[in-house]
file coords36.csv (CSV, C-alpha atoms and all ligand atoms)
chain,number,residue,atom,x,y,z
A,1,MET,CA,-7.5,17.5,2.0
A,2,ILE,CA,-6.6,18.4,-1.5
A,3,ASP,CA,-6.9,15.9,-4.4
A,4,ILE,CA,-3.9,16.9,-6.6
A,5,GLY,CA,-4.8,14.6,-9.5
A,6,ILE,CA,-8.4,14.1,-10.5
A,7,ASN,CA,-9.5,13.6,-14.1
A,8,LEU,CA,-12.9,15.3,-13.9
A,9,ALA,CA,-12.7,16.1,-17.7
A,10,HIS,CA,-12.9,12.3,-18.3
A,11,ARG,CA,-16.2,11.2,-20.0
A,12,ARG,CA,-17.0,8.9,-17.1
A,13,PHE,CA,-17.8,12.0,-15.0
A,14,GLU,CA,-19.9,13.6,-17.7
A,15,LYS,CA,-23.3,12.5,-16.3
A,16,ASP,CA,-23.1,13.5,-12.6
A,17,LEU,CA,-20.2,15.9,-12.3
A,18,PRO,CA,-21.8,18.3,-9.8
A,19,GLN,CA,-22.7,15.4,-7.5
A,20,VAL,CA,-19.2,13.9,-7.7
A,21,ILE,CA,-17.7,17.2,-6.7
A,22,GLU,CA,-20.3,17.7,-3.9
A,23,ARG,CA,-19.6,14.2,-2.5
A,24,ALA,CA,-15.9,15.0,-2.4
A,25,PHE,CA,-16.6,18.2,-0.4
A,26,GLN,CA,-18.8,16.3,2.0
A,27,GLU,CA,-16.0,13.9,2.7
A,28,GLY,CA,-13.7,16.7,3.6
A,29,VAL,CA,-11.9,17.1,0.3
A,30,GLU,CA,-11.7,20.9,0.1
A,31,LEU,CA,-10.1,21.4,-3.3
A,32,LEU,CA,-9.6,19.4,-6.4
A,33,VAL,CA,-6.8,20.0,-8.9
A,34,VAL,CA,-8.4,18.9,-12.2
A,35,THR,CA,-6.0,17.1,-14.5
A,36,GLY,CA,-5.6,18.1,-18.2
A,37,THR,CA,-4.3,15.3,-20.4
A,38,SER,CA,-4.6,16.8,-23.9
A,39,LEU,CA,-5.5,20.2,-25.4
A,40,SER,CA,-9.2,19.4,-25.4
A,41,SER,CA,-9.2,17.8,-21.9
A,42,SER,CA,-7.2,20.8,-20.6
A,43,GLN,CA,-9.7,23.2,-22.1
A,44,LYS,CA,-12.5,21.2,-20.4
A,45,ALA,CA,-10.6,21.0,-17.1
A,46,LEU,CA,-10.4,24.8,-17.2
A,47,GLN,CA,-14.1,25.2,-17.9
A,48,ILE,CA,-15.0,22.8,-15.1
A,49,SER,CA,-12.6,24.7,-12.7
A,50,GLN,CA,-14.2,28.1,-13.6
A,51,GLN,CA,-17.7,26.7,-13.1
A,52,HIS,CA,-17.0,24.9,-9.8
A,53,GLY,CA,-14.3,27.1,-8.2
A,54,LEU,CA,-11.6,24.6,-8.7
A,55,VAL,CA,-8.1,24.7,-10.2
A,56,CYS,CA,-6.5,22.6,-12.9
A,57,THR,CA,-3.4,21.7,-14.9
A,58,ALA,CA,-2.9,22.2,-18.7
A,59,GLY,CA,-0.8,19.7,-20.6
A,60,ILE,CA,-0.4,16.7,-22.9
A,61,HIS,CA,-0.2,13.2,-21.5
A,62,PRO,CA,2.5,11.0,-23.0
A,63,HIS,CA,-0.3,8.8,-24.4
A,64,GLU,CA,-1.4,11.8,-26.4
A,65,ALA,CA,2.1,12.9,-27.4
A,66,ARG,CA,1.5,12.2,-31.1
A,67,THR,CA,-1.2,15.0,-31.1
A,68,HIS,CA,1.5,17.6,-30.1
A,69,THR,CA,2.0,20.0,-33.0
A,70,PRO,CA,3.2,23.7,-33.0
A,71,GLU,CA,-0.4,24.8,-33.3
A,72,ILE,CA,-1.6,22.7,-30.4
A,73,HIS,CA,1.4,23.8,-28.4
A,74,HIS,CA,0.5,27.5,-29.0
A,75,LYS,CA,-3.1,26.9,-27.9
A,76,LEU,CA,-1.9,25.0,-24.8
A,77,GLU,CA,0.4,27.9,-23.9
A,78,SER,CA,-2.5,30.3,-24.2
A,79,LEU,CA,-4.4,28.4,-21.4
A,80,LEU,CA,-1.6,29.1,-19.0
A,81,GLN,CA,-2.6,32.8,-18.6
A,82,HIS,CA,-5.8,31.8,-16.7
A,83,PRO,CA,-5.4,32.0,-12.9
A,84,GLU,CA,-7.2,28.6,-12.5
A,85,VAL,CA,-4.3,26.9,-14.4
A,86,VAL,CA,-1.8,26.2,-11.6
A,87,ALA,CA,0.6,23.8,-13.3
A,88,VAL,CA,1.9,22.5,-16.6
A,89,GLY,CA,1.0,18.8,-17.2
A,90,GLU,CA,0.0,16.1,-17.1
A,91,CYS,CA,3.2,15.4,-19.1
A,92,GLY,CA,6.0,12.9,-19.1
A,93,LEU,CA,7.0,9.5,-20.4
A,94,ASP,CA,5.1,6.2,-20.5
A,95,PHE,CA,7.0,3.4,-22.1
A,96,ASP,CA,4.7,0.8,-20.6
A,97,ARG,CA,2.2,0.8,-23.4
A,98,ASN,CA,3.7,3.3,-25.9
A,99,PHE,CA,0.3,4.7,-27.1
A,100,SER,CA,2.6,7.3,-28.7
A,101,ARG,CA,6.0,6.5,-30.0
A,102,PRO,CA,8.8,7.1,-27.5
A,103,GLU,CA,10.4,9.8,-29.7
A,104,ASP,CA,7.1,11.7,-29.8
A,105,GLN,CA,6.8,11.4,-26.1
A,106,GLU,CA,10.3,12.8,-25.5
A,107,ARG,CA,9.7,15.7,-27.9
A,108,CYS,CA,6.3,16.5,-26.3
A,109,PHE,CA,7.7,16.3,-22.7
A,110,ALA,CA,10.7,18.5,-23.6
A,111,ALA,CA,8.3,21.1,-25.0
A,112,GLN,CA,6.3,21.1,-21.8
A,113,LEU,CA,9.4,21.3,-19.5
A,114,GLU,CA,10.3,24.3,-21.5
A,115,LEU,CA,6.8,25.8,-21.0
A,116,ALA,CA,7.0,25.3,-17.2
A,117,ILE,CA,10.4,27.0,-17.2
A,118,GLN,CA,9.3,29.9,-19.3
A,119,HIS,CA,6.1,30.5,-17.4
A,120,GLN,CA,7.6,29.6,-14.0
A,121,LEU,CA,4.8,27.2,-13.3
A,122,PRO,CA,4.9,23.9,-11.3
A,123,LEU,CA,5.1,20.8,-13.3
A,124,PHE,CA,2.7,17.8,-13.0
A,125,THR,CA,4.4,14.7,-14.4
A,126,HIS,CA,3.6,11.1,-15.2
A,127,GLU,CA,6.3,8.4,-15.5
A,128,ARG,CA,5.7,4.7,-16.2
A,129,ALA,CA,8.4,2.2,-17.2
A,130,ALA,CA,10.6,5.2,-18.2
A,131,HIS,CA,12.5,6.0,-15.1
A,132,GLN,CA,16.0,6.4,-16.5
A,133,LYS,CA,15.0,8.6,-19.5
A,134,PHE,CA,12.6,10.6,-17.5
A,135,LEU,CA,15.3,11.3,-14.8
A,136,GLU,CA,17.7,12.3,-17.5
A,137,MET,CA,15.3,14.8,-19.0
A,138,LEU,CA,14.5,16.3,-15.6
A,139,LYS,CA,18.2,16.5,-14.9
A,140,SER,CA,19.0,18.3,-18.1
A,141,ALA,CA,16.4,20.9,-17.2
A,142,GLY,CA,18.8,21.5,-14.2
A,143,ALA,CA,18.6,24.5,-11.9
A,144,GLN,CA,15.8,25.9,-14.0
A,145,LEU,CA,13.5,23.0,-13.2
A,146,PRO,CA,10.3,24.4,-11.6
A,147,SER,CA,8.7,22.5,-8.6
A,148,THR,CA,7.9,19.1,-10.0
A,149,VAL,CA,5.5,16.4,-8.8
A,150,VAL,CA,5.8,12.8,-9.9
A,151,HIS,CA,2.1,12.1,-9.9
A,152,CYS,CA,0.8,8.5,-9.1
A,153,PHE,CA,4.3,7.4,-8.1
A,154,THR,CA,4.3,3.5,-8.1
A,155,GLY,CA,8.1,2.9,-8.1
A,156,ASN,CA,10.5,1.4,-5.6
A,157,THR,CA,12.7,3.0,-2.9
A,158,GLN,CA,15.7,3.5,-5.2
A,159,GLN,CA,13.5,5.3,-7.8
A,160,LEU,CA,11.9,7.4,-5.0
A,161,ARG,CA,15.3,8.5,-3.8
A,162,ALA,CA,16.4,9.5,-7.3
A,163,TYR,CA,13.3,11.8,-7.6
A,164,LEU,CA,13.8,13.2,-4.1
A,165,ASP,CA,17.4,14.0,-4.9
A,166,LEU,CA,16.2,16.1,-7.7
A,167,GLY,CA,13.8,18.0,-5.4
A,168,CYS,CA,10.7,16.3,-6.7
A,169,TRP,CA,7.4,16.0,-4.8
A,170,ILE,CA,5.6,12.7,-4.8
A,171,GLY,CA,1.9,12.0,-5.5
A,172,ILE,CA,0.4,8.9,-3.9
A,173,THR,CA,-2.8,7.4,-5.1
A,174,GLY,CA,-4.9,4.3,-4.2
A,175,TRP,CA,-2.0,2.2,-5.5
A,176,ILE,CA,-0.7,2.4,-1.9
A,177,THR,CA,-3.7,0.3,-0.8
A,178,ASP,CA,-2.9,-2.5,-3.3
A,179,LEU,CA,-1.2,-5.3,-1.4
A,180,LYS,CA,0.0,-7.0,-4.5
A,181,ARG,CA,0.9,-4.3,-7.1
A,182,GLY,CA,1.7,-1.8,-4.4
A,183,GLN,CA,4.3,-3.7,-2.5
A,184,ASP,CA,7.3,-1.7,-3.6
A,185,LEU,CA,5.5,1.6,-3.0
A,186,ARG,CA,4.4,0.5,0.5
A,187,GLU,CA,8.0,-0.2,1.3
A,188,ALA,CA,9.3,3.0,-0.3
A,189,LEU,CA,6.8,5.2,1.6
A,190,LYS,CA,8.9,4.9,4.7
A,191,TYR,CA,11.7,6.9,3.0
A,192,LEU,CA,9.4,9.7,1.7
A,193,PRO,CA,9.8,12.8,3.9
A,194,LEU,CA,6.4,14.2,4.9
A,195,ASP,CA,7.1,17.6,3.4
A,196,ARG,CA,7.3,16.0,-0.1
A,197,LEU,CA,4.1,14.0,0.2
A,198,LEU,CA,1.0,14.9,-1.9
A,199,VAL,CA,-2.2,12.8,-2.2
A,200,GLU,CA,-4.5,12.2,-5.1
A,201,THR,CA,-7.2,9.8,-6.4
A,202,ASP,CA,-6.3,9.8,-10.1
A,203,ALA,CA,-10.1,9.0,-10.4
A,204,PRO,CA,-11.9,7.6,-12.4
A,205,PHE,CA,-8.9,5.2,-12.2
A,206,LEU,CA,-7.3,3.3,-9.3
A,207,THR,CA,-10.1,2.8,-6.8
A,208,PRO,CA,-8.6,2.3,-3.4
A,209,LYS,CA,-8.7,-1.4,-2.3
A,210,ASN,CA,-9.8,-0.4,1.2
A,211,LEU,CA,-13.1,0.9,-0.1
A,212,PRO,CA,-15.7,-1.0,1.8
A,213,PHE,CA,-17.9,-1.7,-1.2
A,214,ARG,CA,-17.5,-2.4,-4.9
A,215,THR,CA,-17.6,0.2,-7.6
A,216,ASP,CA,-16.3,0.4,-11.2
A,217,ARG,CA,-15.4,4.1,-10.9
A,218,ASN,CA,-13.1,5.9,-8.5
A,219,GLU,CA,-14.2,9.3,-7.2
A,220,PRO,CA,-12.5,12.2,-5.4
A,221,ALA,CA,-14.7,11.4,-2.4
A,222,TYR,CA,-12.5,8.4,-1.7
A,223,LEU,CA,-9.4,10.4,-1.2
A,224,PRO,CA,-9.6,9.9,2.6
A,225,LEU,CA,-9.0,6.2,2.1
A,226,VAL,CA,-5.6,7.0,0.5
A,227,VAL,CA,-4.8,9.2,3.5
A,228,ARG,CA,-6.0,6.5,5.9
A,229,GLU,CA,-3.7,3.9,4.4
A,230,ILE,CA,-0.7,6.3,4.4
A,231,ALA,CA,-1.4,7.2,8.0
A,232,ARG,CA,-1.7,3.5,8.9
A,233,LEU,CA,1.6,2.6,7.2
A,234,LEU,CA,3.5,5.5,8.8
A,235,LYS,CA,1.8,5.0,12.2
A,236,LYS,CA,0.6,8.6,12.3
A,237,PRO,CA,-2.9,10.0,12.9
A,238,GLU,CA,-5.0,10.5,9.7
A,239,THR,CA,-5.7,14.1,10.7
A,240,GLU,CA,-1.9,14.8,10.6
A,241,ILE,CA,-1.5,13.3,7.2
A,242,ALA,CA,-4.5,15.2,6.0
A,243,ARG,CA,-3.2,18.5,7.4
A,244,ILE,CA,0.3,18.1,6.1
A,245,THR,CA,-0.6,17.0,2.6
A,246,HIS,CA,-3.1,19.9,2.4
A,247,GLN,CA,-0.4,22.4,3.3
A,248,ASN,CA,2.0,20.8,0.9
A,249,ALA,CA,-0.5,21.1,-2.0
A,250,GLU,CA,-1.1,24.7,-1.2
A,251,GLN,CA,2.7,25.3,-1.2
A,252,PHE,CA,3.4,23.3,-4.3
A,253,PHE,CA,0.6,24.8,-6.4
A,254,ARG,CA,1.0,28.3,-4.8
A,255,LEU,CA,-2.6,28.4,-3.9
A,256,ASP,CA,-2.4,31.4,-1.6
A,257,TRP,CA,-4.2,33.6,-4.2
A,258,ASN,CA,-7.3,31.4,-3.6
B,301,ZN,ZN,-0.9,9.7,-15.0

call {"tool": "encode", "arguments": {"input": "coords36.csv", "output": "structure tokens", "more": "lines below"}}
Ligand SMILES: [Zn+2]
result
Amino acid sequence: MIDIGINLAHRRFEKDLPQVIERAFQEGVELLVVTGTSLSSSQKALQISQQHGLVCTAGIHPHEARTHTPEIHHKLESLLQHPEVVAVGECGLDFDRNFSRPEDQERCFAAQLELAIQHQLPLFTHERAAHQKFLEMLKSAGAQLPSTVVHCFTGNTQQLRAYLDLGCWIGITGWITDLKRGQDLREALKYLPLDRLLVETDAPFLTPKNLPFRTDRNEPAYLPLVVREIARLLKKPETEIARITHQNAEQFFRLDWN
């Protein structure tokens, strides 16, 4: 299994990072793609990847869009030359909470779309409450659009189809185990072709609801629970979902150098 979205640079993993990574390996998670969400978090994600033999993304999350200046952009771009950096992102639009103004978010996302195109790197995206505008921006990137994953997809069947039509890949988190909030997603999953499916924990957030004990922090070691629920909903063996999503992640992030 490969966890394609894990925020190991988050301060909540500061104290016991080696143990968190080790527990994931013990549970059969073979590789973690560490998410970068700002310049400093991307730098940290790279450092963690180099130390622990992982890979990472480099980008600016829509919440952090207001920090995007030409100078920051230049520094972000310089991270892309490292072989551990396998995608541009996390980037996109989040109009749910608007921690950055929508116009800043659009500017910041457009700049990172451009980076991914220039450097021909996969794109790791986040969209919340911004489906139409997000779709519009992906569409305007057109044929140049690199392989794109909509990470932590939580939308409905119609939104899923719109992303699939654009050739996007879809990242599924523990949201799929949430019987209340995840209802639309659980229905939409039936329409997701297996060759577009990627799995992730998005830890420390979104602890799977099928975890048999209580915790206030999600971990990459719980990725098998996401795989289990997908397998259950699709009536397929867990091993098959694990194998296919692993291959998909290798293909998406072009991990054959590894
Ligand atoms: Zn996200």

call {"tool": "residues_near_ligand", "arguments": {"input": "coords36.csv", "ligand": "ligand ZN 301 (chain B)", "cutoff": "10 Å", "atoms": "all atoms listed in the file", "output": "PDB file with C-alpha atoms, in the frame of the given file"}}
result
ATOM      1  CA  GLY A   5      -4.800  14.600  -9.500  1.00  0.00           C
ATOM      2  CA  ILE A   6      -8.400  14.100 -10.500  1.00  0.00           C
ATOM      3  CA  ASN A   7      -9.500  13.600 -14.100  1.00  0.00           C
ATOM      4  CA  THR A  35      -6.000  17.100 -14.500  1.00  0.00           C
ATOM      5  CA  THR A  37      -4.300  15.300 -20.400  1.00  0.00           C
ATOM      6  CA  HIS A  61      -0.200  13.200 -21.500  1.00  0.00           C
ATOM      7  CA  PRO A  62       2.500  11.000 -23.000  1.00  0.00           C
ATOM      8  CA  HIS A  63      -0.300   8.800 -24.400  1.00  0.00           C
ATOM      9  CA  GLY A  89       1.000  18.800 -17.200  1.00  0.00           C
ATOM     10  CA  GLU A  90       0.000  16.100 -17.100  1.00  0.00           C
ATOM     11  CA  CYS A  91       3.200  15.400 -19.100  1.00  0.00           C
ATOM     12  CA  GLY A  92       6.000  12.900 -19.100  1.00  0.00           C
ATOM     13  CA  LEU A  93       7.000   9.500 -20.400  1.00  0.00           C
ATOM     14  CA  ASP A  94       5.100   6.200 -20.500  1.00  0.00           C
ATOM     15  CA  PHE A 124       2.700  17.800 -13.000  1.00  0.00           C
ATOM     16  CA  THR A 125       4.400  14.700 -14.400  1.00  0.00           C
ATOM     17  CA  HIS A 126       3.600  11.100 -15.200  1.00  0.00           C
ATOM     18  CA  GLU A 127       6.300   8.400 -15.500  1.00  0.00           C
ATOM     19  CA  ARG A 128       5.700   4.700 -16.200  1.00  0.00           C
ATOM     20  CA  VAL A 150       5.800  12.800  -9.900  1.00  0.00           C
ATOM     21  CA  HIS A 151       2.100  12.100  -9.900  1.00  0.00           C
ATOM     22  CA  CYS A 152       0.800   8.500  -9.100  1.00  0.00           C
ATOM     23  CA  PHE A 153       4.300   7.400  -8.100  1.00  0.00           C
ATOM     24  CA  ASP A 202      -6.300   9.800 -10.100  1.00  0.00           C
ATOM     25  CA  PHE A 205      -8.900   5.200 -12.200  1.00  0.00           C
TER      26      PHE A 205
END

call {"tool": "closest_residue", "arguments": {"input": "coords36.csv", "among": "A:Gln183, A:Ser140, A:Thr177, A:Thr67", "to": "Thr157 of chain A", "atoms": "only C-alpha atoms"}}
result
A:Gln183

call {"tool": "closest_residue", "arguments": {"input": "coords36.csv", "among": "A:Val85, A:Ala9, A:Leu185, A:Ile230", "to": "Arg254 of chain A", "atoms": "only C-alpha atoms"}}
result
A:Val85

call {"tool": "atom_distance", "arguments": {"input": "coords36.csv", "atom1": "atom CA of Leu234 of chain A", "atom2": "atom CA of Ala221 of chain A"}}
result
22.2 Å

call {"tool": "closest_atom_pairs", "arguments": {"input": "coords36.csv", "of": "segment 46-123 of chain A", "to": "segment 18-30 of chain A", "cutoff": "12 Å", "atoms": "all atoms listed in the file", "output": "Markdown table"}}
result
| residue | atom | partner | partner_atom | distance |
| --- | --- | --- | --- | --- |
| A:Ile48 | CA | A:Pro18 | CA | 9.7 |
| A:Ser49 | CA | A:Ile21 | CA | 10.9 |
| A:Gln51 | CA | A:Pro18 | CA | 9.9 |
| A:His52 | CA | A:Pro18 | CA | 8.2 |
| A:Gly53 | CA | A:Ile21 | CA | 10.6 |
| A:Leu54 | CA | A:Glu30 | CA | 9.5 |
| A:Val55 | CA | A:Glu30 | CA | 11.6 |

call {"tool": "closest_residue", "arguments": {"input": "coords36.csv", "among": "A:Asp104, A:Glu219, A:Glu84, A:Asp96", "to": "His131 of chain A", "atoms": "only C-alpha atoms"}}
result
A:Asp96

call {"tool": "atom_distance", "arguments": {"input": "coords36.csv", "atom1": "atom CA of Leu164 of chain A", "atom2": "atom CA of Ser147 of chain A"}}
result
11.5 Å

call {"tool": "residues_around", "arguments": {"input": "coords36.csv", "residues": "Ala87 of chain A", "least_positions_apart": "6", "cutoff": "6 Å", "atoms": "all atoms listed in the file", "output": "MDAnalysis selection string"}}
result
chainID A and resid 57 121:123

call {"tool": "atom_distance", "arguments": {"input": "coords36.csv", "atom1": "atom CA of His119 of chain A", "atom2": "atom CA of Ser40 of chain A"}}
result
20.5 Å

call {"tool": "closest_residue", "arguments": {"input": "coords36.csv", "among": "A:Ala162, A:Ala111, A:Leu223, A:Leu32", "to": "Leu206 of chain A", "atoms": "only C-alpha atoms"}}
result
A:Leu223

call {"tool": "closest_residue", "arguments": {"input": "coords36.csv", "among": "A:Thr69, A:Gln144, A:Ser41, A:Asn248", "to": "Ile117 of chain A", "atoms": "all atoms listed in the file"}}
result
A:Gln144

call {"tool": "closest_residue", "arguments": {"input": "coords36.csv", "among": "A:Ile72, A:Leu211, A:Ala129, A:Leu255", "to": "Cys56 of chain A", "atoms": "all atoms listed in the file"}}
result
A:Leu255

call {"tool": "residues_around", "arguments": {"input": "coords36.csv", "residues": "Arg101 of chain A", "least_positions_apart": "2", "cutoff": "10 Å", "atoms": "only C-alpha atoms", "output": "PyMOL selection string"}}
result
chain A and resi 62-66+94-95+97-99+103-106

call {"tool": "residues_around", "arguments": {"input": "coords36.csv", "residues": "segment 225-227 of chain A", "least_positions_apart": "2", "cutoff": "10 Å", "atoms": "all atoms listed in the file", "output": "PDB file with C-alpha atoms, keeping the file's coordinate frame"}}
result
ATOM      1  CA  MET A   1      -7.500  17.500   2.000  1.00  0.00           C
ATOM      2  CA  ILE A 172       0.400   8.900  -3.900  1.00  0.00           C
ATOM      3  CA  THR A 173      -2.800   7.400  -5.100  1.00  0.00           C
ATOM      4  CA  GLY A 174      -4.900   4.300  -4.200  1.00  0.00           C
ATOM      5  CA  TRP A 175      -2.000   2.200  -5.500  1.00  0.00           C
ATOM      6  CA  ILE A 176      -0.700   2.400  -1.900  1.00  0.00           C
ATOM      7  CA  THR A 177      -3.700   0.300  -0.800  1.00  0.00           C
ATOM      8  CA  LEU A 198       1.000  14.900  -1.900  1.00  0.00           C
ATOM      9  CA  VAL A 199      -2.200  12.800  -2.200  1.00  0.00           C
ATOM     10  CA  GLU A 200      -4.500  12.200  -5.100  1.00  0.00           C
ATOM     11  CA  THR A 201      -7.200   9.800  -6.400  1.00  0.00           C
ATOM     12  CA  THR A 207     -10.100   2.800  -6.800  1.00  0.00           C
ATOM     13  CA  PRO A 208      -8.600   2.300  -3.400  1.00  0.00           C
ATOM     14  CA  LYS A 209      -8.700  -1.400  -2.300  1.00  0.00           C
ATOM     15  CA  ASN A 210      -9.800  -0.400   1.200  1.00  0.00           C
ATOM     16  CA  LEU A 211     -13.100   0.900  -0.100  1.00  0.00           C
ATOM     17  CA  PRO A 212     -15.700  -1.000   1.800  1.00  0.00           C
ATOM     18  CA  ALA A 221     -14.700  11.400  -2.400  1.00  0.00           C
ATOM     19  CA  TYR A 222     -12.500   8.400  -1.700  1.00  0.00           C
ATOM     20  CA  LEU A 223      -9.400  10.400  -1.200  1.00  0.00           C
ATOM     21  CA  GLU A 229      -3.700   3.900   4.400  1.00  0.00           C
ATOM     22  CA  ILE A 230      -0.700   6.300   4.400  1.00  0.00           C
ATOM     23  CA  ALA A 231      -1.400   7.200   8.000  1.00  0.00           C
ATOM     24  CA  ARG A 232      -1.700   3.500   8.900  1.00  0.00           C
ATOM     25  CA  LEU A 233       1.600   2.600   7.200  1.00  0.00           C
ATOM     26  CA  PRO A 237      -2.900  10.000  12.900  1.00  0.00           C
ATOM     27  CA  GLU A 238      -5.000  10.500   9.700  1.00  0.00           C
ATOM     28  CA  THR A 239      -5.700  14.100  10.700  1.00  0.00           C
ATOM     29  CA  GLU A 240      -1.900  14.800  10.600  1.00  0.00           C
ATOM     30  CA  ILE A 241      -1.500  13.300   7.200  1.00  0.00           C
ATOM     31  CA  ALA A 242      -4.500  15.200   6.000  1.00  0.00           C
ATOM     32  CA  THR A 245      -0.600  17.000   2.600  1.00  0.00           C
TER      33      THR A 245
END

call {"tool": "residues_around", "arguments": {"input": "coords36.csv", "residues": "Leu194 of chain A", "least_positions_apart": "2", "cutoff": "8 Å", "atoms": "all atoms listed in the file", "output": "NGL selection string"}}
result
:A and (192 or 196-197 or 244-245)

call {"tool": "decode", "arguments": {"input": "coords36.csv", "residues": "segment 239-246 of chain A", "atoms": "all heavy atoms", "output": "tab-separated table (two decimals), in the first residue's frame"}}
result
chain	number	residue	atom	x	y	z
A	239	THR	N	-6.98	-7.42	-0.54
A	239	THR	CA	-5.66	-7.57	-1.17
A	239	THR	C	-5.68	-7.00	-2.59
A	239	THR	O	-4.69	-6.45	-3.06
A	239	THR	CB	-5.23	-9.04	-1.22
A	239	THR	OG1	-6.31	-9.80	-1.77
A	239	THR	CG2	-4.88	-9.57	0.15
A	240	GLU	N	-6.82	-7.16	-3.26
A	240	GLU	CA	-6.91	-6.64	-4.63
A	240	GLU	C	-6.89	-5.11	-4.64
A	240	GLU	O	-6.21	-4.49	-5.45
A	240	GLU	CB	-8.19	-7.16	-5.29
A	240	GLU	CG	-8.22	-6.90	-6.78
A	240	GLU	CD	-9.51	-7.36	-7.44
A	240	GLU	OE1	-10.16	-8.31	-6.92
A	240	GLU	OE2	-9.87	-6.77	-8.47
A	241	ILE	N	-7.65	-4.50	-3.73
A	241	ILE	CA	-7.67	-3.02	-3.65
A	241	ILE	C	-6.28	-2.51	-3.26
A	241	ILE	O	-5.78	-1.53	-3.81
A	241	ILE	CB	-8.73	-2.54	-2.63
A	241	ILE	CG1	-10.13	-3.02	-3.05
A	241	ILE	CG2	-8.70	-1.02	-2.48
A	241	ILE	CD1	-10.60	-2.51	-4.40
A	242	ALA	N	-5.62	-3.22	-2.34
A	242	ALA	CA	-4.27	-2.82	-1.91
A	242	ALA	C	-3.31	-2.89	-3.10
A	242	ALA	O	-2.53	-1.96	-3.34
A	242	ALA	CB	-3.79	-3.71	-0.78
A	243	ARG	N	-3.37	-3.98	-3.84
A	243	ARG	CA	-2.45	-4.17	-4.97
A	243	ARG	C	-2.69	-3.13	-6.07
A	243	ARG	O	-1.76	-2.47	-6.54
A	243	ARG	CB	-2.64	-5.59	-5.55
A	243	ARG	CG	-1.72	-5.96	-6.69
A	243	ARG	CD	-1.98	-7.39	-7.19
A	243	ARG	NE	-3.38	-7.62	-7.56
A	243	ARG	CZ	-3.93	-7.24	-8.71
A	243	ARG	NH1	-3.21	-6.58	-9.60
A	243	ARG	NH2	-5.20	-7.48	-8.96
A	244	ILE	N	-3.95	-2.95	-6.43
A	244	ILE	CA	-4.27	-2.02	-7.52
A	244	ILE	C	-3.92	-0.57	-7.16
A	244	ILE	O	-3.31	0.14	-7.94
A	244	ILE	CB	-5.77	-2.12	-7.90
A	244	ILE	CG1	-6.03	-3.46	-8.58
A	244	ILE	CG2	-6.20	-0.97	-8.82
A	244	ILE	CD1	-7.49	-3.77	-8.82
A	245	THR	N	-4.26	-0.17	-5.94
A	245	THR	CA	-3.98	1.23	-5.57
A	245	THR	C	-2.47	1.46	-5.44
A	245	THR	O	-1.99	2.56	-5.71
A	245	THR	CB	-4.70	1.64	-4.26
A	245	THR	OG1	-4.34	0.72	-3.22
A	245	THR	CG2	-6.20	1.65	-4.44
A	246	HIS	N	-1.75	0.42	-5.05
A	246	HIS	CA	-0.29	0.53	-4.98
A	246	HIS	C	0.28	0.76	-6.39
A	246	HIS	O	1.06	1.68	-6.61
A	246	HIS	CB	0.29	-0.75	-4.37
A	246	HIS	CG	1.77	-0.70	-4.14
A	246	HIS	ND1	2.33	-0.66	-2.90
A	246	HIS	CD2	2.81	-0.66	-5.01
A	246	HIS	CE1	3.65	-0.59	-3.00
A	246	HIS	NE2	3.97	-0.60	-4.27
